[in-house]
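*Asks:* Below is a structure I'd like to ask you about.
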Amino acid sequence: MASLDFQIYPLTSGFHGDSRPTPKSDLVKEYGYDTFVPFTNSASNSDEEITSIAREIRRDIIRSLVEAKSGHSGGPLGSSDIFATLYFGGVMNHDPKNPWAANRDRFILSAGHMCPVLYATLANAGYFPKAELLTLRKLNSRLQGHPGRDMGLPGIESSTGSLGQGLGIAVGMALADKLVTKNSNRVYALTGDGELQEGEIWEAAMAAAHYKLDNLCVVVDRNHCQIDGRTDEVMEIDPVADKWTAFGFHTIHVNGHNIGELRQAFAEAKSTKGKPTCIVAETYMGHPISFMNDDFRWHGKPPKPEEAVKALEELL
Amino acid sequence: MTDVASTNSQNKHPFTLQGKKATRFGFGEGLVTLGERYDNVVVLGGDITGSVMTSYFKDKFPERFFSMGIMEATATLVATGLALSGKIPFFASYGAFAALRNTDMLRISVAYNDANVKIGGGHAGISVGPDGATHQVLEEMSILRALPNMTLVVPCDFLEAKKATVAIGEHYGPCYIRFGRTDTPLFTSDDTPFVLGKAQVFREGGDVAIAACGPMVWEALVAADELQKQGIDARVINVSTIKPLDNETILKAAKECGAIVTAEEHQITAGLGGAIAELLVKEHPTPMEFVGVKDSFGGSGDPDELMKLFGLTSADIVEAAKKVIARKK
């Protein structure tokens, strides 16, 4: 029987002019973005190499945010180790040179506001020129304030930003792979912990367990912070891991800054059959910047120029 | 049964009443046609599959049917994921829940992604009957019209519902199709043209144009015959695609008739009437009257009683036509 094939990628309907913004050439040179050679994704990358890539991702987050003069610092910095492990530790099957390959694993950033870390990760993998990171949140930039698929940025699988929605989309993708196409692709989704207050998260969790989607791996960035304060003060979500277990997930609790623990957890997720996996990764918002670490006030603001200089010094 | 075409009209419409059948059955049969033609068409169920007739597809293609329980918002998101993975997912529930409970999902995940998701909204309008206001969706066309990329279709009878369902499956992009629960007149035939995005003139006439959608199209045809008896020649337009609106056919009618009545089983606010008014006020200001629900909720009752109570019968269209003709310049 025939398939009705529609072209899904790339989508570029979001451009409202002739051209994308131009990165500042002096900064491109100063940061070495013009001569940058992308890192490779390999299971043989050592934990130390992954840590070093995570540090580079953090530097890029700071640089893009200070240029944008707006955006989210805390979550992106805190989750950089998770992203570095996923994209460079041989966890995800992805190819920056062939970003829409049919057999790719997919990543959905359910917590869309954390996109500075996704953009920095994709750039470091070679999905697009690193110089473009300096156009974050500017008119016609492919790096929208929250990920927009309409800008056609390679590596962005779906627009996200209304909290709670990305996980359901990831469930749909995992369902498509496992039960319709019947291939072995995996789907990864990252949620914030405050995001777990959205009811759709638990609807999606219920559906993932119902369909035994063992090709789905959810990572909860558990930093105990949301815009208004600590999660236990704004709206208690504990016991987080027990909730996922009760919803039918294989649940793993890890230190989200420990590359070894993260790699082991992702390997365990891959070998888990018959149920989806949730990795609850304990992180510190803003980690490891001394004046941001574990401070919810850094959830939704960028560093000022002098703060960026200090942060970049700490990341050397 | 009345055969409207058998009146002594000089300007008959070509339709014969062939009985009654609910548009939801057309949706169900259309899904089966799509399932037979394409292996990447999949259907998500929202627990009421026997009401919105996705059960036809479920019975025939169980391996491509996925129950989503009672979670309309997440069903919409799962449909998005399926679409972004190259499938053509349909999710259907009552319009009240398939289009309004999940509006944020339709906006961000479906429309903004331009994901190839098809939503079926059943039990539309007040003709649902005794279930009452909570289940009588009267607002979703206004909301969905405001979403970029969204196509909005309201078939006039069972056969057109079937054609429209197949057409939206074969068209790329987010689509919403609206259908009813109650048996409504079946009057088109296999030969009646249906083109997505195109309005069809079902009856020629030059004194007034009645632009209608859904089961109100039959009411408009009946009204046109009544108007004919009173010496008024009414054009009847079946606006089955509300978005994108067929501007050409509407503008032609406004210019040639000089007066327009819209008829919809929906709030007057920003529905079909609103869409046409937005076009005409800019391109060709024309006197208009609106037949529809007037800023109120529905209620329990027999479908026919409700249509009378809320002013949605052919008699109401006749009255509106005379009113608007009196306002012609």
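Identifiers in the structure tokens: chain A, B, ... in order shown; residue index from 1 per chain; ligand index from 1 in order shown.
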Give one line per residue of chain B that approaches chain A to at most 10 Å, naming the two atoms of the closest pair and their distance in Å to one decimal, counting only C-alpha atoms; sort by chain then ascending residue number and deliver it as CSV.
*Replies:*
```
residue,atom,partner,partner_atom,distance
B:Leu34,CA,A:Leu4,CA,9.8
B:Gly35,CA,A:Met1,CA,9.6
B:Glu36,CA,A:Met1,CA,7.9
B:Arg37,CA,A:Ala2,CA,6.6
B:Tyr38,CA,A:Ser3,CA,4.9
B:Asp39,CA,A:Ser3,CA,5.4
B:Asn40,CA,A:Ser3,CA,5.5
B:Val41,CA,A:Ser3,CA,8.1
B:Val42,CA,A:Val180,CA,8.5
B:Glu63,CA,A:Val180,CA,7.9
B:Arg64,CA,A:Val180,CA,6.9
B:Phe65,CA,A:Val180,CA,9.7
B:Phe66,CA,A:Tyr211,CA,9.0
B:Ser67,CA,A:Ala207,CA,9.1
B:Met68,CA,A:Ala207,CA,6.9
B:Gly69,CA,A:Ala207,CA,8.5
B:Ile70,CA,A:Glu203,CA,9.2
B:Met71,CA,A:Glu203,CA,6.6
B:Glu72,CA,A:Glu203,CA,9.5
B:Ala73,CA,A:Glu200,CA,6.9
B:Thr74,CA,A:Gly168,CA,5.6
B:Ala75,CA,A:Gly168,CA,7.8
B:Thr76,CA,A:Gly168,CA,8.2
B:Leu77,CA,A:Ile169,CA,4.8
B:Val78,CA,A:Gly172,CA,3.8
B:Ala79,CA,A:Gly172,CA,6.0
B:Thr80,CA,A:Ile169,CA,5.7
B:Gly81,CA,A:Gly172,CA,4.0
B:Leu82,CA,A:Gly172,CA,4.8
B:Ala83,CA,A:Met173,CA,8.2
B:Leu84,CA,A:Ile8,CA,6.9
B:Ser85,CA,A:Met173,CA,5.9
B:Gly86,CA,A:Ile8,CA,7.2
B:Lys87,CA,A:Ala176,CA,7.3
B:Ile88,CA,A:Leu4,CA,8.1
B:Pro89,CA,A:Gly172,CA,9.9
B:Asp104,CA,A:Ser162,CA,7.8
B:Met105,CA,A:Gln165,CA,7.0
B:Arg107,CA,A:Ser162,CA,9.7
B:Ile108,CA,A:Ser162,CA,7.0
B:Ser109,CA,A:Ser159,CA,6.5
B:Val110,CA,A:Ser159,CA,9.2
B:Ala111,CA,A:Ser159,CA,9.9
B:Tyr112,CA,A:Ser159,CA,7.0
B:Asn113,CA,A:Ser159,CA,5.8
B:Asp114,CA,A:Asp150,CA,7.9
B:Ala115,CA,A:Ile8,CA,8.2
B:Asn116,CA,A:Ile8,CA,8.6
B:Gly169,CA,A:Leu4,CA,8.9
B:Glu170,CA,A:Leu4,CA,7.3
B:His171,CA,A:Phe6,CA,8.9
B:Tyr172,CA,A:Phe6,CA,6.6
B:Gly173,CA,A:Phe6,CA,9.4
```
*Asks:* With a distance cut-off of 8 Å and only C-alpha atoms, select the neighbouring residues of Lys294 of chain B, excluding the residue or stretch itself and same-chain residues fewer than 4 positions from it, and output the selection as a PDB file with all heavy atoms, in the first residue's frame.
*Replies:*
```pdb
ATOM      1  N   GLN B 267     -21.809  30.348  17.013  1.00  0.00           N
ATOM      2  CA  GLN B 267     -21.939  31.738  17.433  1.00  0.00           C
ATOM      3  C   GLN B 267     -21.766  32.649  16.208  1.00  0.00           C
ATOM      4  O   GLN B 267     -20.931  32.375  15.343  1.00  0.00           O
ATOM      5  CB  GLN B 267     -20.839  32.112  18.442  1.00  0.00           C
ATOM      6  CG  GLN B 267     -20.851  31.334  19.739  1.00  0.00           C
ATOM      7  CD  GLN B 267     -21.984  31.729  20.673  1.00  0.00           C
ATOM      8  OE1 GLN B 267     -22.743  32.665  20.412  1.00  0.00           O
ATOM      9  NE2 GLN B 267     -22.116  30.976  21.753  1.00  0.00           N
ATOM     10  N   ILE B 268     -22.518  33.726  16.200  1.00  0.00           N
ATOM     11  CA  ILE B 268     -22.346  34.702  15.114  1.00  0.00           C
ATOM     12  C   ILE B 268     -20.954  35.340  15.213  1.00  0.00           C
ATOM     13  O   ILE B 268     -20.312  35.640  14.206  1.00  0.00           O
ATOM     14  CB  ILE B 268     -23.472  35.758  15.191  1.00  0.00           C
ATOM     15  CG1 ILE B 268     -24.758  35.125  14.656  1.00  0.00           C
ATOM     16  CG2 ILE B 268     -23.099  37.003  14.427  1.00  0.00           C
ATOM     17  CD1 ILE B 268     -25.983  35.980  14.838  1.00  0.00           C
ATOM     18  N   THR B 269     -20.461  35.506  16.441  1.00  0.00           N
ATOM     19  CA  THR B 269     -19.171  36.162  16.657  1.00  0.00           C
ATOM     20  C   THR B 269     -18.033  35.411  15.965  1.00  0.00           C
ATOM     21  O   THR B 269     -17.716  34.281  16.326  1.00  0.00           O
ATOM     22  CB  THR B 269     -18.852  36.222  18.170  1.00  0.00           C
ATOM     23  OG1 THR B 269     -19.992  36.724  18.842  1.00  0.00           O
ATOM     24  CG2 THR B 269     -17.639  37.079  18.439  1.00  0.00           C
ATOM     25  N   PHE B 310     -33.376  28.785  18.896  1.00  0.00           N
ATOM     26  CA  PHE B 310     -32.187  29.617  18.709  1.00  0.00           C
ATOM     27  C   PHE B 310     -32.181  30.345  17.356  1.00  0.00           C
ATOM     28  O   PHE B 310     -31.202  30.989  16.997  1.00  0.00           O
ATOM     29  CB  PHE B 310     -30.921  28.774  18.888  1.00  0.00           C
ATOM     30  CG  PHE B 310     -30.640  28.458  20.331  1.00  0.00           C
ATOM     31  CD1 PHE B 310     -31.168  27.330  20.926  1.00  0.00           C
ATOM     32  CD2 PHE B 310     -29.884  29.327  21.106  1.00  0.00           C
ATOM     33  CE1 PHE B 310     -30.931  27.047  22.256  1.00  0.00           C
ATOM     34  CE2 PHE B 310     -29.647  29.053  22.441  1.00  0.00           C
ATOM     35  CZ  PHE B 310     -30.165  27.910  23.034  1.00  0.00           C
TER      36      PHE B 310
END
```
*Asks:* Please provide as JSON, numbers by chain all residues within 9 Å of Gly26 of chain B, with the sequence filter that same-chain residues fewer than 4 positions apart are discarded (counting only C-alpha atoms).
*Replies:* {"B": [21, 22, 30, 31, 53, 157, 158, 159, 160, 161, 162, 163, 164, 165, 179]}
*Asks:* With only C-alpha atoms as the counted atoms, please give the residues lying no more than 12 Å from Glu233 of chain A, apart from itself and same-chain residues fewer than 5 positions off, as a list in words.
*Replies:*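 Counting only the stated atoms, we get Gly194, His224, Cys225, Gln226, Ile227, Asp228, Asp238 and Phe296 of chain A.
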*Asks:* Contacts of Leu122 of chain A at 8 Å or less, counting only C-alpha atoms, minus same-chain residues fewer than 5 places along, as a list of chain:residue names?
*Replies:*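 With the cut-off at 8 Å, the set is A:Pro96, A:Tyr127, A:Phe128, A:Gly155.
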*Asks:* Just want the 12 Å neighbourhood of Gly301 of chain B, counted on only C-alpha atoms, with same-chain residues fewer than 4 positions away dropped. Output as an mmCIF file with all heavy atoms, in the first residue's frame.
*Replies:*
```
data_model
loop_
_atom_site.group_PDB
_atom_site.id
_atom_site.type_symbol
_atom_site.label_atom_id
_atom_site.label_comp_id
_atom_site.auth_asym_id
_atom_site.auth_seq_id
_atom_site.Cartn_x
_atom_site.Cartn_y
_atom_site.Cartn_z
ATOM 1 N N ILE B 126 -25.910 23.205 18.131
ATOM 2 C CA ILE B 126 -26.907 22.886 19.159
ATOM 3 C C ILE B 126 -27.755 21.682 18.786
ATOM 4 O O ILE B 126 -28.482 21.152 19.621
ATOM 5 C CB ILE B 126 -27.840 24.079 19.453
ATOM 6 C CG1 ILE B 126 -28.487 24.568 18.155
ATOM 7 C CG2 ILE B 126 -27.102 25.196 20.148
ATOM 8 C CD1 ILE B 126 -29.642 25.495 18.382
ATOM 9 N N SER B 127 -27.648 21.229 17.534
ATOM 10 C CA SER B 127 -28.482 20.108 17.110
ATOM 11 C C SER B 127 -28.067 18.795 17.769
ATOM 12 O O SER B 127 -28.693 17.762 17.553
ATOM 13 C CB SER B 127 -28.473 19.966 15.586
ATOM 14 O OG SER B 127 -27.172 19.679 15.132
ATOM 15 N N VAL B 128 -27.008 18.820 18.576
ATOM 16 C CA VAL B 128 -26.663 17.641 19.385
ATOM 17 C C VAL B 128 -27.884 17.238 20.213
ATOM 18 O O VAL B 128 -28.142 16.050 20.421
ATOM 19 C CB VAL B 128 -25.491 17.954 20.344
ATOM 20 C CG1 VAL B 128 -25.232 16.785 21.278
ATOM 21 C CG2 VAL B 128 -24.262 18.296 19.556
ATOM 22 N N GLY B 129 -28.607 18.268 20.669
ATOM 23 C CA GLY B 129 -29.845 17.980 21.372
ATOM 24 C C GLY B 129 -29.712 17.867 22.870
ATOM 25 O O GLY B 129 -29.090 18.723 23.512
ATOM 26 N N PRO B 130 -30.266 16.786 23.463
ATOM 27 C CA PRO B 130 -30.479 16.732 24.907
ATOM 28 C C PRO B 130 -29.222 16.808 25.773
ATOM 29 O O PRO B 130 -29.329 17.107 26.955
ATOM 30 C CB PRO B 130 -31.201 15.386 25.115
ATOM 31 C CG PRO B 130 -31.138 14.662 23.825
ATOM 32 C CD PRO B 130 -30.857 15.643 22.756
ATOM 33 N N ASP B 131 -28.042 16.561 25.226
ATOM 34 C CA ASP B 131 -26.836 16.645 26.057
ATOM 35 C C ASP B 131 -26.620 18.043 26.640
ATOM 36 O O ASP B 131 -25.957 18.207 27.658
ATOM 37 C CB ASP B 131 -25.591 16.230 25.252
ATOM 38 C CG ASP B 131 -25.397 14.722 25.250
ATOM 39 O OD1 ASP B 131 -26.021 14.048 26.096
ATOM 40 O OD2 ASP B 131 -24.640 14.214 24.403
ATOM 41 N N GLY B 132 -27.123 19.050 25.946
ATOM 42 C CA GLY B 132 -27.098 20.391 26.510
ATOM 43 C C GLY B 132 -25.840 21.190 26.226
ATOM 44 O O GLY B 132 -24.978 20.791 25.436
ATOM 45 N N ALA B 133 -25.744 22.329 26.919
ATOM 46 C CA ALA B 133 -24.760 23.367 26.585
ATOM 47 C C ALA B 133 -23.312 22.888 26.629
ATOM 48 O O ALA B 133 -22.498 23.297 25.795
ATOM 49 C CB ALA B 133 -24.936 24.555 27.528
ATOM 50 N N GLN B 136 -22.425 21.177 23.351
ATOM 51 C CA GLN B 136 -22.813 21.826 22.099
ATOM 52 C C GLN B 136 -21.761 22.879 21.748
ATOM 53 O O GLN B 136 -21.832 24.005 22.224
ATOM 54 C CB GLN B 136 -24.202 22.467 22.259
ATOM 55 C CG GLN B 136 -25.293 21.423 22.456
ATOM 56 C CD GLN B 136 -26.589 22.009 22.993
ATOM 57 O OE1 GLN B 136 -26.623 23.113 23.517
ATOM 58 N NE2 GLN B 136 -27.681 21.251 22.860
ATOM 59 N N GLU B 305 -36.548 21.387 18.123
ATOM 60 C CA GLU B 305 -37.000 22.452 19.046
ATOM 61 C C GLU B 305 -35.887 23.469 19.265
ATOM 62 O O GLU B 305 -36.117 24.677 19.280
ATOM 63 C CB GLU B 305 -37.351 21.853 20.418
ATOM 64 C CG GLU B 305 -38.563 20.942 20.442
ATOM 65 C CD GLU B 305 -38.702 20.230 21.793
ATOM 66 O OE1 GLU B 305 -37.748 20.211 22.608
ATOM 67 O OE2 GLU B 305 -39.780 19.676 22.026
ATOM 68 N N LEU B 306 -34.666 22.953 19.437
ATOM 69 C CA LEU B 306 -33.525 23.841 19.696
ATOM 70 C C LEU B 306 -33.258 24.745 18.505
ATOM 71 O O LEU B 306 -33.003 25.944 18.668
ATOM 72 C CB LEU B 306 -32.277 23.014 20.019
ATOM 73 C CG LEU B 306 -32.266 22.348 21.401
ATOM 74 C CD1 LEU B 306 -31.193 21.262 21.464
ATOM 75 C CD2 LEU B 306 -32.037 23.383 22.501
ATOM 76 N N MET B 307 -33.308 24.188 17.302
ATOM 77 C CA MET B 307 -33.040 24.987 16.107
ATOM 78 C C MET B 307 -34.074 26.116 15.978
ATOM 79 O O MET B 307 -33.736 27.221 15.561
ATOM 80 C CB MET B 307 -33.040 24.104 14.846
ATOM 81 C CG MET B 307 -31.933 23.051 14.817
ATOM 82 S SD MET B 307 -30.251 23.728 14.850
ATOM 83 C CE MET B 307 -29.945 23.927 13.099
ATOM 84 N N LYS B 308 -35.295 25.825 16.351
ATOM 85 C CA LYS B 308 -36.340 26.877 16.334
ATOM 86 C C LYS B 308 -36.074 27.921 17.405
ATOM 87 O O LYS B 308 -36.082 29.123 17.148
ATOM 88 C CB LYS B 308 -37.724 26.233 16.574
ATOM 89 C CG LYS B 308 -38.335 25.622 15.332
ATOM 90 C CD LYS B 308 -39.851 25.434 15.517
ATOM 91 C CE LYS B 308 -40.444 24.642 14.362
ATOM 92 N NZ LYS B 308 -40.238 23.167 14.505
ATOM 93 N N LEU B 309 -35.819 27.424 18.635
ATOM 94 C CA LEU B 309 -35.614 28.330 19.763
ATOM 95 C C LEU B 309 -34.459 29.294 19.517
ATOM 96 O O LEU B 309 -34.518 30.474 19.864
ATOM 97 C CB LEU B 309 -35.357 27.504 21.035
ATOM 98 C CG LEU B 309 -35.117 28.301 22.313
ATOM 99 C CD1 LEU B 309 -36.368 29.078 22.728
ATOM 100 C CD2 LEU B 309 -34.691 27.375 23.455
ATOM 101 N N PHE B 310 -33.376 28.785 18.896
ATOM 102 C CA PHE B 310 -32.187 29.617 18.709
ATOM 103 C C PHE B 310 -32.181 30.345 17.356
ATOM 104 O O PHE B 310 -31.202 30.989 16.997
ATOM 105 C CB PHE B 310 -30.921 28.774 18.888
ATOM 106 C CG PHE B 310 -30.640 28.458 20.331
ATOM 107 C CD1 PHE B 310 -31.168 27.330 20.926
ATOM 108 C CD2 PHE B 310 -29.884 29.327 21.106
ATOM 109 C CE1 PHE B 310 -30.931 27.047 22.256
ATOM 110 C CE2 PHE B 310 -29.647 29.053 22.441
ATOM 111 C CZ PHE B 310 -30.165 27.910 23.034
#
```
*Asks:* Considering only C-alpha atoms, state which residue in the set A:Lys138, A:His287, A:Arg20, A:Lys275 is at the smallest distance from Phe247 of chain A.
*Replies:*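 The answer is A:Lys275, which sits nearest to Phe247 of chain A.
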*Asks:* Atom CA of Thr272 of chain A and atom CA of Glu195 of chain A are how many Å apart?
*Replies:*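 These atoms are spaced 25.1 Å apart.
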*Asks:* Just list the residues in segment 132-278 of chain B DSSP gives alpha helix (DSSP H) on the backbone, as a PyMOL selection string.
*Replies:* chain B and resi 140-145+158-169+216-229+247-257+272-278
*Asks:* Tell me which of A:Lys270, A:Arg186, A:His16, A:Lys69 sits closest to Leu139 of chain A, counting only C-alpha atoms.
*Replies:* A:His16
*Asks:* As an exercise, work out the distance from atom CA of Tyr176 of chain B to atom CA of Val137 of chain B in Å and give it to one decimal place.
*Replies:*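 A separation of 13.6 Å between them.
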*Asks:* In Å to one decimal, how far is atom CA of Phe194 of chain B from atom CA of Ile210 of chain B?
*Replies:*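 Atom-to-atom, atom CA of Ile210 of chain B and atom CA of Phe194 of chain B are spaced 18.4 Å apart.
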*Asks:* Could you pull the residues within 8 Å of segment 203-209 of chain B, counting only C-alpha atoms, minus those fewer than 3 positions along the same chain, as a list in words?
*Replies:*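 Everything that qualifies: Asn11, Lys12, His13, Pro14, Leu221, Ile232, Asp233, Ala234, Arg235, Val236, Ile237, Ala253, Ala254, Glu256, Cys257, Gly258, Ala259, Ile260, Val261, Ala321 and Ile325 of chain B.
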*Asks:* So that I have them on file, write out the residues from the current selection with C-alpha atoms, as an mmCIF file, in the first residue's frame.
*Replies:*
```cif
data_model
loop_
_atom_site.group_PDB
_atom_site.id
_atom_site.type_symbol
_atom_site.label_atom_id
_atom_site.label_comp_id
_atom_site.auth_asym_id
_atom_site.auth_seq_id
_atom_site.Cartn_x
_atom_site.Cartn_y
_atom_site.Cartn_z
ATOM 1 C CA ASN B 11 -34.657 28.852 -10.822
ATOM 2 C CA LYS B 12 -34.500 25.470 -9.195
ATOM 3 C CA HIS B 13 -31.511 24.081 -7.417
ATOM 4 C CA PRO B 14 -30.418 20.654 -8.611
ATOM 5 C CA LEU B 221 -31.975 25.938 -0.010
ATOM 6 C CA ILE B 232 -37.207 36.954 -4.458
ATOM 7 C CA ASP B 233 -34.370 35.231 -6.289
ATOM 8 C CA ALA B 234 -31.782 33.983 -3.776
ATOM 9 C CA ARG B 235 -28.351 32.604 -4.534
ATOM 10 C CA VAL B 236 -27.227 29.826 -2.179
ATOM 11 C CA ILE B 237 -23.521 29.300 -1.571
ATOM 12 C CA ALA B 253 -21.958 37.197 -4.921
ATOM 13 C CA ALA B 254 -21.688 40.485 -3.019
ATOM 14 C CA GLU B 256 -23.977 40.672 -8.162
ATOM 15 C CA CYS B 257 -26.579 40.341 -5.359
ATOM 16 C CA GLY B 258 -25.809 43.431 -3.272
ATOM 17 C CA ALA B 259 -26.926 41.754 -0.038
ATOM 18 C CA ILE B 260 -25.694 38.746 1.944
ATOM 19 C CA VAL B 261 -27.125 36.512 4.636
ATOM 20 C CA ALA B 321 -33.050 37.816 3.650
ATOM 21 C CA ILE B 325 -32.829 43.290 0.941
#
```
